[in-house]
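S.K.: The following file, work10.cif, comprises mmCIF, C-alpha atoms (C1' of nucleotides):
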```
data_query
loop_
_atom_site.group_PDB
_atom_site.id
_atom_site.type_symbol
_atom_site.label_atom_id
_atom_site.label_comp_id
_atom_site.auth_asym_id
_atom_site.auth_seq_id
_atom_site.Cartn_x
_atom_site.Cartn_y
_atom_site.Cartn_z
ATOM 1 C CA MET A 1 7.234 1.154 -35.128
ATOM 2 C CA SER A 2 8.736 -2.226 -34.311
ATOM 3 C CA ASP A 3 8.860 -1.299 -30.661
ATOM 4 C CA ILE A 4 8.414 -4.123 -28.244
ATOM 5 C CA ILE A 5 6.473 -1.840 -25.972
ATOM 6 C CA SER A 6 4.129 0.751 -27.390
ATOM 7 C CA GLY A 7 4.866 4.075 -25.786
ATOM 8 C CA ALA A 8 8.577 3.337 -25.530
ATOM 9 C CA THR A 9 10.768 4.455 -28.370
ATOM 10 C CA ARG A 10 13.763 2.181 -27.908
ATOM 11 C CA ASN A 11 14.129 -1.551 -27.625
ATOM 12 C CA THR A 12 16.703 -2.221 -24.972
ATOM 13 C CA ARG A 13 18.238 -5.424 -23.750
ATOM 14 C CA GLN A 14 16.743 -4.798 -20.311
ATOM 15 C CA ARG A 15 13.209 -4.563 -21.622
ATOM 16 C CA PHE A 16 13.653 -7.788 -23.531
ATOM 17 C CA GLU A 17 14.887 -9.483 -20.377
ATOM 18 C CA VAL A 18 11.880 -8.371 -18.357
ATOM 19 C CA LEU A 19 9.464 -9.400 -21.078
ATOM 20 C CA ALA A 20 11.192 -12.755 -21.540
ATOM 21 C CA LEU A 21 10.932 -13.451 -17.834
ATOM 22 C CA LEU A 22 7.279 -12.492 -17.688
ATOM 23 C CA ASP A 23 6.568 -14.809 -20.593
ATOM 24 C CA GLU A 24 7.910 -17.731 -18.601
ATOM 25 C CA ILE A 25 5.977 -17.041 -15.448
ATOM 26 C CA ALA A 26 2.332 -17.848 -15.013
ATOM 27 C CA ASP A 27 1.661 -16.367 -11.591
ATOM 28 C CA PHE A 28 1.846 -12.924 -10.146
ATOM 29 C CA ARG A 29 5.170 -11.637 -8.924
ATOM 30 C CA THR A 30 6.227 -8.470 -7.165
ATOM 31 C CA PRO A 31 8.692 -6.154 -8.943
ATOM 32 C CA GLN A 32 11.304 -7.143 -6.380
ATOM 33 C CA GLN A 33 10.768 -10.829 -7.014
ATOM 34 C CA LEU A 34 11.088 -10.281 -10.738
ATOM 35 C CA HIS A 35 14.279 -8.344 -10.170
ATOM 36 C CA ALA A 36 15.702 -11.122 -7.993
ATOM 37 C CA LEU A 37 14.790 -13.734 -10.622
ATOM 38 C CA LEU A 38 16.557 -11.723 -13.310
ATOM 39 C CA ARG A 39 19.717 -11.515 -11.230
ATOM 40 C CA GLU A 40 19.560 -15.240 -10.501
ATOM 41 C CA ARG A 41 19.626 -16.017 -14.183
ATOM 42 C CA GLY A 42 22.476 -13.586 -14.673
ATOM 43 C CA ALA A 43 20.466 -10.898 -16.399
ATOM 44 C CA GLN A 44 21.871 -7.562 -15.427
ATOM 45 C CA VAL A 45 18.853 -5.296 -14.932
ATOM 46 C CA GLY A 46 18.490 -2.632 -12.296
ATOM 47 C CA LEU A 47 15.556 -2.613 -9.918
ATOM 48 C CA THR A 48 14.619 0.864 -11.083
ATOM 49 C CA THR A 49 14.431 -0.360 -14.648
ATOM 50 C CA VAL A 50 12.232 -3.280 -13.635
ATOM 51 C CA TYR A 51 9.804 -0.843 -12.049
ATOM 52 C CA ARG A 52 9.887 1.459 -15.060
ATOM 53 C CA THR A 53 9.434 -1.356 -17.541
ATOM 54 C CA LEU A 54 6.495 -2.773 -15.617
ATOM 55 C CA GLN A 55 4.923 0.668 -15.611
ATOM 56 C CA LEU A 56 5.366 0.927 -19.367
ATOM 57 C CA LEU A 57 3.940 -2.530 -19.869
ATOM 58 C CA GLN A 58 0.976 -1.703 -17.713
ATOM 59 C CA ASP A 59 0.272 1.493 -19.644
ATOM 60 C CA ALA A 60 0.503 -0.512 -22.844
ATOM 61 C CA GLY A 61 -1.886 -3.124 -21.469
ATOM 62 C CA GLU A 62 0.722 -5.838 -21.757
ATOM 63 C CA VAL A 63 0.673 -6.806 -18.118
ATOM 64 C CA ASP A 64 -1.965 -7.213 -15.551
ATOM 65 C CA ALA A 65 -1.475 -5.590 -12.180
ATOM 66 C CA THR A 66 -3.025 -6.163 -8.812
ATOM 67 C CA ARG A 67 -2.078 -5.707 -5.189
ATOM 68 C CA LEU A 68 -1.509 -7.909 -2.211
ATOM 69 C CA PRO A 69 -3.734 -7.205 0.790
ATOM 70 C CA GLY A 70 -0.721 -5.378 2.226
ATOM 71 C CA GLY A 71 -0.682 -2.928 -0.676
ATOM 72 C CA GLU A 72 2.290 -4.338 -2.539
ATOM 73 C CA GLN A 73 2.105 -4.480 -6.319
ATOM 74 C CA LEU A 74 1.882 -7.688 -8.302
ATOM 75 C CA PHE A 75 2.405 -8.065 -12.029
ATOM 76 C CA ARG A 76 1.775 -10.763 -14.488
ATOM 77 C CA ARG A 77 1.751 -11.045 -18.232
ATOM 78 C CA CYS A 78 -1.747 -11.833 -19.353
ATOM 79 C CA GLY A 79 -4.348 -11.762 -22.023
ATOM 80 C CA ALA A 80 -6.129 -8.599 -22.974
ATOM 81 C CA SER A 81 -9.694 -9.339 -22.028
ATOM 82 C CA HIS A 82 -10.994 -8.147 -18.722
ATOM 83 C CA HIS A 83 -10.904 -10.638 -15.894
ATOM 84 C CA HIS A 84 -10.239 -11.038 -12.202
ATOM 85 C CA HIS A 85 -7.950 -13.190 -10.123
ATOM 86 C CA LEU A 86 -8.146 -15.900 -7.581
ATOM 87 C CA VAL A 87 -4.850 -15.660 -5.737
ATOM 88 C CA CYS A 88 -3.329 -18.033 -3.188
ATOM 89 C CA ARG A 89 -2.318 -16.184 -0.046
ATOM 90 C CA SER A 90 0.761 -18.257 0.566
ATOM 91 C CA CYS A 91 2.223 -19.087 -2.845
ATOM 92 C CA ASN A 92 0.617 -16.463 -5.107
ATOM 93 C CA ALA A 93 -0.642 -19.126 -7.486
ATOM 94 C CA THR A 94 -3.195 -17.434 -9.678
ATOM 95 C CA VAL A 95 -6.283 -18.425 -11.568
ATOM 96 C CA GLU A 96 -7.890 -16.026 -13.994
ATOM 97 C CA VAL A 97 -11.629 -15.888 -13.599
ATOM 98 C CA ARG A 98 -14.209 -14.109 -15.654
ATOM 99 C CA GLY A 99 -17.430 -12.800 -14.218
ATOM 100 C CA PRO A 100 -19.589 -10.959 -16.715
ATOM 101 C CA ALA A 101 -22.424 -10.921 -14.218
ATOM 102 C CA VAL A 102 -20.281 -9.084 -11.705
ATOM 103 C CA GLU A 103 -19.226 -6.532 -14.300
ATOM 104 C CA ARG A 104 -22.815 -5.819 -15.139
ATOM 105 C CA TRP A 105 -23.722 -5.636 -11.482
ATOM 106 C CA THR A 106 -21.077 -3.015 -10.709
ATOM 107 C CA GLU A 107 -22.152 -0.935 -13.708
ATOM 108 C CA ARG A 108 -25.751 -1.041 -12.641
ATOM 109 C CA ILE A 109 -25.105 -0.271 -8.974
ATOM 110 C CA ALA A 110 -22.838 2.638 -9.828
ATOM 111 C CA ALA A 111 -25.276 4.072 -12.363
ATOM 112 C CA GLU A 112 -28.082 3.837 -9.823
ATOM 113 C CA HIS A 113 -26.092 6.147 -7.578
ATOM 114 C CA GLY A 114 -25.229 8.622 -10.304
ATOM 115 C CA PHE A 115 -21.603 7.569 -10.665
ATOM 116 C CA THR A 116 -19.850 7.727 -14.011
ATOM 117 C CA GLU A 117 -16.499 6.582 -15.407
ATOM 118 C CA ILE A 118 -16.852 3.405 -13.479
ATOM 119 C CA GLY A 119 -14.028 1.046 -12.731
ATOM 120 C CA HIS A 120 -13.682 -1.662 -10.176
ATOM 121 C CA THR A 121 -11.274 -3.962 -8.451
ATOM 122 C CA LEU A 122 -12.192 -7.480 -7.498
ATOM 123 C CA GLU A 123 -9.720 -9.976 -6.176
ATOM 124 C CA ILE A 124 -10.451 -13.255 -4.501
ATOM 125 C CA PHE A 125 -7.943 -14.525 -1.979
ATOM 126 C CA GLY A 126 -7.741 -17.981 -0.528
ATOM 127 C CA THR A 127 -5.490 -20.920 0.140
ATOM 128 C CA CYS A 128 -4.936 -23.170 -2.848
ATOM 129 C CA SER A 129 -5.311 -26.920 -2.579
ATOM 130 C CA ARG A 130 -1.558 -27.460 -2.688
ATOM 131 C CA CYS A 131 -0.874 -25.072 0.183
ATOM 132 C CA SER A 132 -3.760 -26.189 2.353
ATOM 133 C CA ARG A 133 -2.350 -29.702 2.648
ATOM 134 C CA MET B 1 -16.781 -4.945 29.844
ATOM 135 C CA SER B 2 -17.475 -1.248 29.470
ATOM 136 C CA ASP B 3 -14.616 -0.952 27.059
ATOM 137 C CA ILE B 4 -15.208 1.303 24.131
ATOM 138 C CA ILE B 5 -13.230 -1.049 21.959
ATOM 139 C CA SER B 6 -13.407 -4.790 22.461
ATOM 140 C CA GLY B 7 -9.913 -6.173 22.640
ATOM 141 C CA ALA B 8 -8.614 -3.066 24.373
ATOM 142 C CA THR B 9 -8.541 -3.066 28.149
ATOM 143 C CA ARG B 10 -8.407 0.654 28.836
ATOM 144 C CA ASN B 11 -10.523 3.543 27.719
ATOM 145 C CA THR B 12 -8.221 6.404 26.972
ATOM 146 C CA ARG B 13 -8.935 9.970 25.997
ATOM 147 C CA GLN B 14 -7.166 9.402 22.701
ATOM 148 C CA ARG B 15 -9.392 6.503 21.737
ATOM 149 C CA PHE B 16 -12.460 8.552 22.533
ATOM 150 C CA GLU B 17 -11.155 11.343 20.337
ATOM 151 C CA VAL B 18 -10.591 9.035 17.385
ATOM 152 C CA LEU B 19 -13.985 7.409 17.783
ATOM 153 C CA ALA B 20 -15.713 10.773 18.157
ATOM 154 C CA LEU B 21 -14.099 12.001 14.972
ATOM 155 C CA LEU B 22 -15.037 8.892 13.047
ATOM 156 C CA ASP B 23 -18.622 9.269 14.185
ATOM 157 C CA GLU B 24 -18.765 12.701 12.586
ATOM 158 C CA ILE B 25 -17.337 11.670 9.266
ATOM 159 C CA ALA B 26 -19.274 9.815 6.635
ATOM 160 C CA ASP B 27 -16.608 9.202 4.047
ATOM 161 C CA PHE B 28 -13.353 7.350 4.020
ATOM 162 C CA ARG B 29 -10.254 9.056 5.357
ATOM 163 C CA THR B 30 -6.632 8.050 5.543
ATOM 164 C CA PRO B 31 -5.022 7.675 8.979
ATOM 165 C CA GLN B 32 -2.963 10.753 8.218
ATOM 166 C CA GLN B 33 -6.035 12.796 7.349
ATOM 167 C CA LEU B 34 -7.709 11.708 10.558
ATOM 168 C CA HIS B 35 -4.629 12.694 12.511
ATOM 169 C CA ALA B 36 -4.549 16.116 10.852
ATOM 170 C CA LEU B 37 -8.250 16.634 11.594
ATOM 171 C CA LEU B 38 -7.693 15.774 15.233
ATOM 172 C CA ARG B 39 -4.891 18.285 15.527
ATOM 173 C CA GLU B 40 -6.998 20.939 13.824
ATOM 174 C CA ARG B 41 -9.665 20.601 16.446
ATOM 175 C CA GLY B 42 -7.058 20.744 19.163
ATOM 176 C CA ALA B 43 -7.214 17.096 20.098
ATOM 177 C CA GLN B 44 -3.760 15.983 21.116
ATOM 178 C CA VAL B 45 -3.349 12.502 19.645
ATOM 179 C CA GLY B 46 -0.188 11.071 18.152
ATOM 180 C CA LEU B 47 -0.108 9.651 14.667
ATOM 181 C CA THR B 48 1.099 6.331 16.022
ATOM 182 C CA THR B 49 -1.916 6.143 18.289
ATOM 183 C CA VAL B 50 -4.249 6.923 15.406
ATOM 184 C CA TYR B 51 -2.794 3.985 13.499
ATOM 185 C CA ARG B 52 -3.024 1.712 16.531
ATOM 186 C CA THR B 53 -6.561 2.729 17.364
ATOM 187 C CA LEU B 54 -7.712 2.184 13.802
ATOM 188 C CA GLN B 55 -6.134 -1.256 13.881
ATOM 189 C CA LEU B 56 -7.979 -2.078 17.092
ATOM 190 C CA LEU B 57 -11.221 -0.802 15.651
ATOM 191 C CA GLN B 58 -10.722 -2.840 12.540
ATOM 192 C CA ASP B 59 -10.060 -6.008 14.547
ATOM 193 C CA ALA B 60 -13.187 -5.250 16.547
ATOM 194 C CA GLY B 61 -15.183 -4.759 13.362
ATOM 195 C CA GLU B 62 -15.995 -1.182 14.289
ATOM 196 C CA VAL B 63 -14.497 0.341 11.207
ATOM 197 C CA ASP B 64 -14.401 -0.556 7.621
ATOM 198 C CA ALA B 65 -11.109 -0.455 5.768
ATOM 199 C CA THR B 66 -10.208 -0.256 2.137
ATOM 200 C CA ARG B 67 -7.389 1.087 0.030
ATOM 201 C CA LEU B 68 -6.900 3.786 -2.514
ATOM 202 C CA PRO B 69 -5.742 2.572 -5.914
ATOM 203 C CA GLY B 70 -2.298 3.761 -4.845
ATOM 204 C CA GLY B 71 -2.268 1.351 -1.904
ATOM 205 C CA GLU B 72 -2.918 3.808 0.893
ATOM 206 C CA GLN B 73 -5.310 2.776 3.648
ATOM 207 C CA LEU B 74 -8.740 4.273 4.136
ATOM 208 C CA PHE B 75 -10.950 3.926 7.167
ATOM 209 C CA ARG B 76 -14.521 4.710 7.919
ATOM 210 C CA ARG B 77 -16.906 3.927 10.716
ATOM 211 C CA CYS B 78 -19.640 1.711 9.398
ATOM 212 C CA GLY B 79 -22.200 -0.943 10.047
ATOM 213 C CA ALA B 80 -21.214 -4.476 10.872
ATOM 214 C CA SER B 81 -22.658 -6.465 8.023
ATOM 215 C CA HIS B 82 -20.510 -7.320 5.078
ATOM 216 C CA HIS B 83 -20.698 -4.890 2.196
ATOM 217 C CA HIS B 84 -18.638 -3.153 -0.448
ATOM 218 C CA HIS B 85 -18.063 0.438 -1.443
ATOM 219 C CA LEU B 86 -18.701 2.715 -4.308
ATOM 220 C CA VAL B 87 -16.088 5.421 -3.903
ATOM 221 C CA CYS B 88 -15.738 8.715 -5.753
ATOM 222 C CA ARG B 89 -12.269 9.089 -7.185
ATOM 223 C CA SER B 90 -12.069 12.805 -6.575
ATOM 224 C CA CYS B 91 -13.880 13.469 -3.291
ATOM 225 C CA ASN B 92 -13.914 10.024 -1.617
ATOM 226 C CA ALA B 93 -17.666 10.196 -1.177
ATOM 227 C CA THR B 94 -18.770 6.693 -0.370
ATOM 228 C CA VAL B 95 -21.864 4.604 -0.855
ATOM 229 C CA GLU B 96 -22.181 1.259 0.851
ATOM 230 C CA VAL B 97 -23.484 -1.418 -1.453
ATOM 231 C CA ARG B 98 -24.451 -4.966 -0.755
ATOM 232 C CA GLY B 99 -24.105 -7.763 -3.241
ATOM 233 C CA PRO B 100 -25.076 -11.151 -1.914
ATOM 234 C CA ALA B 101 -24.929 -12.571 -5.408
ATOM 235 C CA VAL B 102 -21.315 -11.509 -5.751
ATOM 236 C CA GLU B 103 -20.412 -13.082 -2.419
ATOM 237 C CA ARG B 104 -21.907 -16.361 -3.512
ATOM 238 C CA TRP B 105 -20.202 -16.116 -6.867
ATOM 239 C CA THR B 106 -16.753 -15.681 -5.307
ATOM 240 C CA GLU B 107 -17.347 -18.615 -2.962
ATOM 241 C CA ARG B 108 -18.403 -20.832 -5.799
ATOM 242 C CA ILE B 109 -15.591 -19.853 -8.146
ATOM 243 C CA ALA B 110 -12.984 -20.328 -5.438
ATOM 244 C CA ALA B 111 -14.370 -23.695 -4.368
ATOM 245 C CA GLU B 112 -14.388 -24.869 -7.976
ATOM 246 C CA HIS B 113 -10.645 -24.303 -8.061
ATOM 247 C CA GLY B 114 -9.967 -26.021 -4.747
ATOM 248 C CA PHE B 115 -9.347 -22.845 -2.770
ATOM 249 C CA THR B 116 -10.290 -22.598 0.884
ATOM 250 C CA GLU B 117 -10.420 -19.829 3.504
ATOM 251 C CA ILE B 118 -11.811 -17.538 0.913
ATOM 252 C CA GLY B 119 -11.879 -13.807 1.209
ATOM 253 C CA HIS B 120 -12.282 -11.133 -1.378
ATOM 254 C CA THR B 121 -11.959 -7.442 -2.045
ATOM 255 C CA LEU B 122 -14.352 -5.580 -4.260
ATOM 256 C CA GLU B 123 -14.349 -1.839 -4.652
ATOM 257 C CA ILE B 124 -16.098 0.179 -7.267
ATOM 258 C CA PHE B 125 -14.549 3.482 -8.255
ATOM 259 C CA GLY B 126 -16.169 6.224 -10.233
ATOM 260 C CA THR B 127 -16.950 9.905 -10.364
ATOM 261 C CA CYS B 128 -19.946 10.923 -8.298
ATOM 262 C CA SER B 129 -22.666 13.138 -9.754
ATOM 263 C CA ARG B 130 -21.487 16.153 -7.765
ATOM 264 C CA CYS B 131 -17.897 15.888 -9.022
ATOM 265 C CA SER B 132 -18.780 15.103 -12.620
ATOM 266 C CA ARG B 133 -20.514 18.450 -13.091
ATOM 267 C "C1'" DA C 1 -7.702 9.420 47.924
ATOM 268 C "C1'" DT C 2 -3.197 7.007 47.321
ATOM 269 C "C1'" DT C 3 -0.604 3.374 45.575
ATOM 270 C "C1'" DC C 4 0.736 0.283 42.132
ATOM 271 C "C1'" DG C 5 1.045 -2.745 38.044
ATOM 272 C "C1'" DT C 6 0.838 -2.517 33.482
ATOM 273 C "C1'" DA C 7 -1.502 -1.051 29.272
ATOM 274 C "C1'" DA C 8 -1.186 2.805 26.365
ATOM 275 C "C1'" DT C 9 1.071 6.800 24.462
ATOM 276 C "C1'" DG C 10 4.075 9.316 21.263
ATOM 277 C "C1'" DA C 11 8.337 11.166 19.335
ATOM 278 C "C1'" DA C 12 11.952 9.289 17.078
ATOM 279 C "C1'" DA C 13 13.955 5.726 14.626
ATOM 280 C "C1'" DT C 14 13.276 2.041 11.413
ATOM 281 C "C1'" DT C 15 11.468 -0.623 7.692
ATOM 282 C "C1'" DC C 16 10.180 -1.322 3.164
ATOM 283 C "C1'" DG C 17 8.124 -0.508 -1.318
ATOM 284 C "C1'" DT C 18 8.446 2.808 -4.716
ATOM 285 C "C1'" DT C 19 10.024 7.069 -7.052
ATOM 286 C "C1'" DT C 20 13.262 10.626 -8.278
ATOM 287 C "C1'" DC C 21 17.860 12.383 -9.467
ATOM 288 C "C1'" DC C 22 21.480 12.708 -12.498
ATOM 289 C "C1'" DA C 23 25.743 11.280 -14.577
ATOM 290 C "C1'" DA C 24 27.040 7.619 -17.622
ATOM 291 C "C1'" DG C 25 25.659 4.489 -21.266
ATOM 292 C "C1'" DA C 26 23.683 2.968 -25.556
ATOM 293 C "C1'" DA C 27 19.683 2.788 -29.163
ATOM 294 C "C1'" DG C 28 19.002 4.213 -33.665
ATOM 295 C "C1'" DA C 29 18.882 7.904 -37.281
ATOM 296 C "C1'" DC C 30 21.916 10.087 -40.471
ATOM 297 C "C1'" DG D 1 31.525 6.686 -37.172
ATOM 298 C "C1'" DT D 2 28.964 10.720 -35.200
ATOM 299 C "C1'" DC D 3 25.303 12.763 -32.863
ATOM 300 C "C1'" DT D 4 21.093 13.186 -30.461
ATOM 301 C "C1'" DT D 5 18.436 11.915 -26.762
ATOM 302 C "C1'" DC D 6 16.185 8.128 -24.644
ATOM 303 C "C1'" DT D 7 17.408 4.835 -21.225
ATOM 304 C "C1'" DT D 8 19.824 2.987 -17.445
ATOM 305 C "C1'" DG D 9 20.969 2.228 -12.564
ATOM 306 C "C1'" DG D 10 23.022 3.241 -8.157
ATOM 307 C "C1'" DA D 11 22.210 6.416 -4.693
ATOM 308 C "C1'" DA D 12 19.301 9.305 -2.436
ATOM 309 C "C1'" DA D 13 14.765 10.685 -1.393
ATOM 310 C "C1'" DC D 14 10.163 9.747 -0.287
ATOM 311 C "C1'" DG D 15 6.091 8.315 2.156
ATOM 312 C "C1'" DA D 16 3.175 5.150 4.464
ATOM 313 C "C1'" DA D 17 3.306 2.153 8.110
ATOM 314 C "C1'" DT D 18 5.551 -0.137 12.010
ATOM 315 C "C1'" DT D 19 8.657 -0.662 15.895
ATOM 316 C "C1'" DT D 20 11.183 1.012 19.896
ATOM 317 C "C1'" DC D 21 11.291 2.465 24.416
ATOM 318 C "C1'" DA D 22 11.060 5.823 28.021
ATOM 319 C "C1'" DT D 23 7.156 8.210 29.864
ATOM 320 C "C1'" DT D 24 2.346 8.672 31.046
ATOM 321 C "C1'" DA D 25 -1.898 7.529 33.011
ATOM 322 C "C1'" DC D 26 -5.923 4.105 33.349
ATOM 323 C "C1'" DG D 27 -8.232 1.714 36.715
ATOM 324 C "C1'" DA D 28 -8.130 -1.940 40.180
ATOM 325 C "C1'" DA D 29 -6.870 -2.637 44.822
ATOM 326 C "C1'" DT D 30 -6.391 -0.797 49.225
#
```
Turn this file's structure into structure tokens for me.
M.R.:
Amino acid sequence: MSDIISGATRNTRQRFEVLALLDEIADFRTPQQLHALLRERGAQVGLTTVYRTLQLLQDAGEVDATRLPGGEQLFRRCGASHHHHLVCRSCNATVEVRGPAVERWTERIAAEHGFTEIGHTLEIFGTCSRCSR
Amino acid sequence: MSDIISGATRNTRQRFEVLALLDEIADFRTPQQLHALLRERGAQVGLTTVYRTLQLLQDAGEVDATRLPGGEQLFRRCGASHHHHLVCRSCNATVEVRGPAVERWTERIAAEHGFTEIGHTLEIFGTCSRCSR
DNA sequence: ATTCGTAATGAAATTCGTTTCCAAGAAGAC
DNA sequence: GTCTTCTTGGAAACGAATTTCATTACGAAT
């Protein structure tokens, strides 16, 4: 059980490459961007494998996923505890934010309406100070 | 200025059909579902036009848009004031919820990090009481 | 009511992100 | 090394959404 990704049974070079890249990057990236970055650095990994690895990592809770307003997926390696993101519209710079009050609010609102198995998505978009110059 | 949609200059049969349908439906629907419903009732409206009309309505603030976890668009006719949605995962039943405290929280958090032109998305997903039986 | 300019339509083609297919490749157990 | 089978990756498929462009028809002018 020395698997680098729980749920996967084999440790392949490609999975190491994807994980290594994610470890170096702070902000969110699309699967395509990650794939392009891997090619740039000479890592031979297929786009399909990038998608599959990200899916595995997401299932294992190793990466954090969100979506651009357009619907495109974004991934980022991150800590385990629940949080939300403040994302720059133009450069994708990301700040993790925690909002316990919001979590409690969603739980309460949903319960008031008889909903169960509650989940939520909350993303804040804006222009970061660097980009707004 | 007797336009049914501000921003559009002509009132076409197709736009009336889409609006009429939206007025009858309470919950969110995808553009494709709306198109199918129109065809079922014999209304001859192209899928392209459904997409375009929904876009116009969204720009005019006449409909409310969100996305399924998978990224697909959802539209619904709704009131003008800003609010969020509590959506049932299985039947798309929707409850509008307002959370002024959350709005203020996002503004504050974003400002603290130097972000401007702030927007946010917040959707709560769950299983409604009817579906959880 | 007829004409006319142009906005709007819609079927087909295109785009683009993502998933599936499947033959070839390579972990890892023995 | 051998074998099993999980994994890979290019190609093809897929599906939502958008664009194209010839046709249609709204609605203002006459």
S.K.: Please write the residues picked by the PyMOL selection byres ((chain B) within 12 of (chain A)) on this file as number ranges by chain.
M.R.: B: 65-74, 84-90, 93-133
S.K.: For the residues in that selection, give me C-alpha atoms as a compact mmCIF listing (two decimals), in the coordinates of the input.
M.R.:
```
# COMPACT_ATOMS: atom_id res chain seq x y z
CA ALA B 65 -11.11 -0.46 5.77
CA THR B 66 -10.21 -0.26 2.14
CA ARG B 67 -7.39 1.09 0.03
CA LEU B 68 -6.90 3.79 -2.51
CA PRO B 69 -5.74 2.57 -5.91
CA GLY B 70 -2.30 3.76 -4.84
CA GLY B 71 -2.27 1.35 -1.90
CA GLU B 72 -2.92 3.81 0.89
CA GLN B 73 -5.31 2.78 3.65
CA LEU B 74 -8.74 4.27 4.14
CA HIS B 84 -18.64 -3.15 -0.45
CA HIS B 85 -18.06 0.44 -1.44
CA LEU B 86 -18.70 2.72 -4.31
CA VAL B 87 -16.09 5.42 -3.90
CA CYS B 88 -15.74 8.72 -5.75
CA ARG B 89 -12.27 9.09 -7.18
CA SER B 90 -12.07 12.80 -6.58
CA ALA B 93 -17.67 10.20 -1.18
CA THR B 94 -18.77 6.69 -0.37
CA VAL B 95 -21.86 4.60 -0.86
CA GLU B 96 -22.18 1.26 0.85
CA VAL B 97 -23.48 -1.42 -1.45
CA ARG B 98 -24.45 -4.97 -0.76
CA GLY B 99 -24.10 -7.76 -3.24
CA PRO B 100 -25.08 -11.15 -1.91
CA ALA B 101 -24.93 -12.57 -5.41
CA VAL B 102 -21.32 -11.51 -5.75
CA GLU B 103 -20.41 -13.08 -2.42
CA ARG B 104 -21.91 -16.36 -3.51
CA TRP B 105 -20.20 -16.12 -6.87
CA THR B 106 -16.75 -15.68 -5.31
CA GLU B 107 -17.35 -18.61 -2.96
CA ARG B 108 -18.40 -20.83 -5.80
CA ILE B 109 -15.59 -19.85 -8.15
CA ALA B 110 -12.98 -20.33 -5.44
CA ALA B 111 -14.37 -23.70 -4.37
CA GLU B 112 -14.39 -24.87 -7.98
CA HIS B 113 -10.64 -24.30 -8.06
CA GLY B 114 -9.97 -26.02 -4.75
CA PHE B 115 -9.35 -22.84 -2.77
CA THR B 116 -10.29 -22.60 0.88
CA GLU B 117 -10.42 -19.83 3.50
CA ILE B 118 -11.81 -17.54 0.91
CA GLY B 119 -11.88 -13.81 1.21
CA HIS B 120 -12.28 -11.13 -1.38
CA THR B 121 -11.96 -7.44 -2.04
CA LEU B 122 -14.35 -5.58 -4.26
CA GLU B 123 -14.35 -1.84 -4.65
CA ILE B 124 -16.10 0.18 -7.27
CA PHE B 125 -14.55 3.48 -8.26
CA GLY B 126 -16.17 6.22 -10.23
CA THR B 127 -16.95 9.90 -10.36
CA CYS B 128 -19.95 10.92 -8.30
CA SER B 129 -22.67 13.14 -9.75
CA ARG B 130 -21.49 16.15 -7.76
CA CYS B 131 -17.90 15.89 -9.02
CA SER B 132 -18.78 15.10 -12.62
CA ARG B 133 -20.51 18.45 -13.09
```
S.K.: Leaving out segment 20-23 of chain A and any residue of its chain fewer than 3 positions from it, which residues lie within 6 Å of it when counting all atoms listed in the file, given as a list in words?
M.R.: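 Non-adjacent residues within range: Phe16, Glu17 and Arg77 of chain A.
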S.K.: Least-squares superposition of chain B on chain A, all Cα atoms, in-order pairing: what RMSD comes out, in Å?
M.R.: 0.4 Å
S.K.: Report as CSV the residues of chain C within 10 Å of chain A, each with its shortest atom pair and distance in Å (one decimal), using all atoms listed in the file, ordered by chain and increasing residue number.
M.R.:
```
residue,atom,partner,partner_atom,distance
C:DG17,C1',A:Glu72,CA,7.1
C:DT18,C1',A:Tyr51,CA,8.3
C:DT19,C1',A:Thr48,CA,8.7
C:DA26,C1',A:Thr12,CA,8.7
C:DA27,C1',A:Arg10,CA,6.1
C:DG28,C1',A:Arg10,CA,8.0
```
S.K.: Interatomic distance between atom CA of Val45 of chain B and atom C1' of DT3 of chain C?
M.R.: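 Value for the atom CA of Val45 of chain B-atom C1' of DT3 of chain C distance: 27.6 Å.
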S.K.: Return as a list in words the residues belonging to chain D that are within 9 Å of chain A, counting all atoms listed in the file.
M.R.: DC6, DT7, DT8, DG9 and DG10 of chain D
S.K.: Take the residues from that selection and put them in a file with C-alpha atoms (C1' of nucleotides), as an mmCIF file, in the frame of the given file.
M.R.:
```cif
data_model
loop_
_atom_site.group_PDB
_atom_site.id
_atom_site.type_symbol
_atom_site.label_atom_id
_atom_site.label_comp_id
_atom_site.auth_asym_id
_atom_site.auth_seq_id
_atom_site.Cartn_x
_atom_site.Cartn_y
_atom_site.Cartn_z
ATOM 1 C "C1'" DC D 6 16.185 8.128 -24.644
ATOM 2 C "C1'" DT D 7 17.408 4.835 -21.225
ATOM 3 C "C1'" DT D 8 19.824 2.987 -17.445
ATOM 4 C "C1'" DG D 9 20.969 2.228 -12.564
ATOM 5 C "C1'" DG D 10 23.022 3.241 -8.157
#
```
S.K.: Apply the PyMOL selection byres ((chain D and resi 1) around 12) to the structure shown and report the selected residues as a PyMOL selection string.
M.R.: (chain C and resi 30) or (chain D and resi 2-3)
S.K.: How many Å separate atom CA of Glu62 of chain A from atom CA of Asp3 of chain A?
M.R.: 12.9 Å
S.K.: Write out as number ranges by chain the residues lying within 12 Å of DC21 of chain D, counting all atoms listed in the file and excluding same-chain residues fewer than 5 positions away.
M.R.: C: 9-13
S.K.: Quick one, how far is atom CA of Ala26 of chain A from atom CA of Glu40 of chain A?
M.R.: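 Those two atoms sit 18.0 Å apart.
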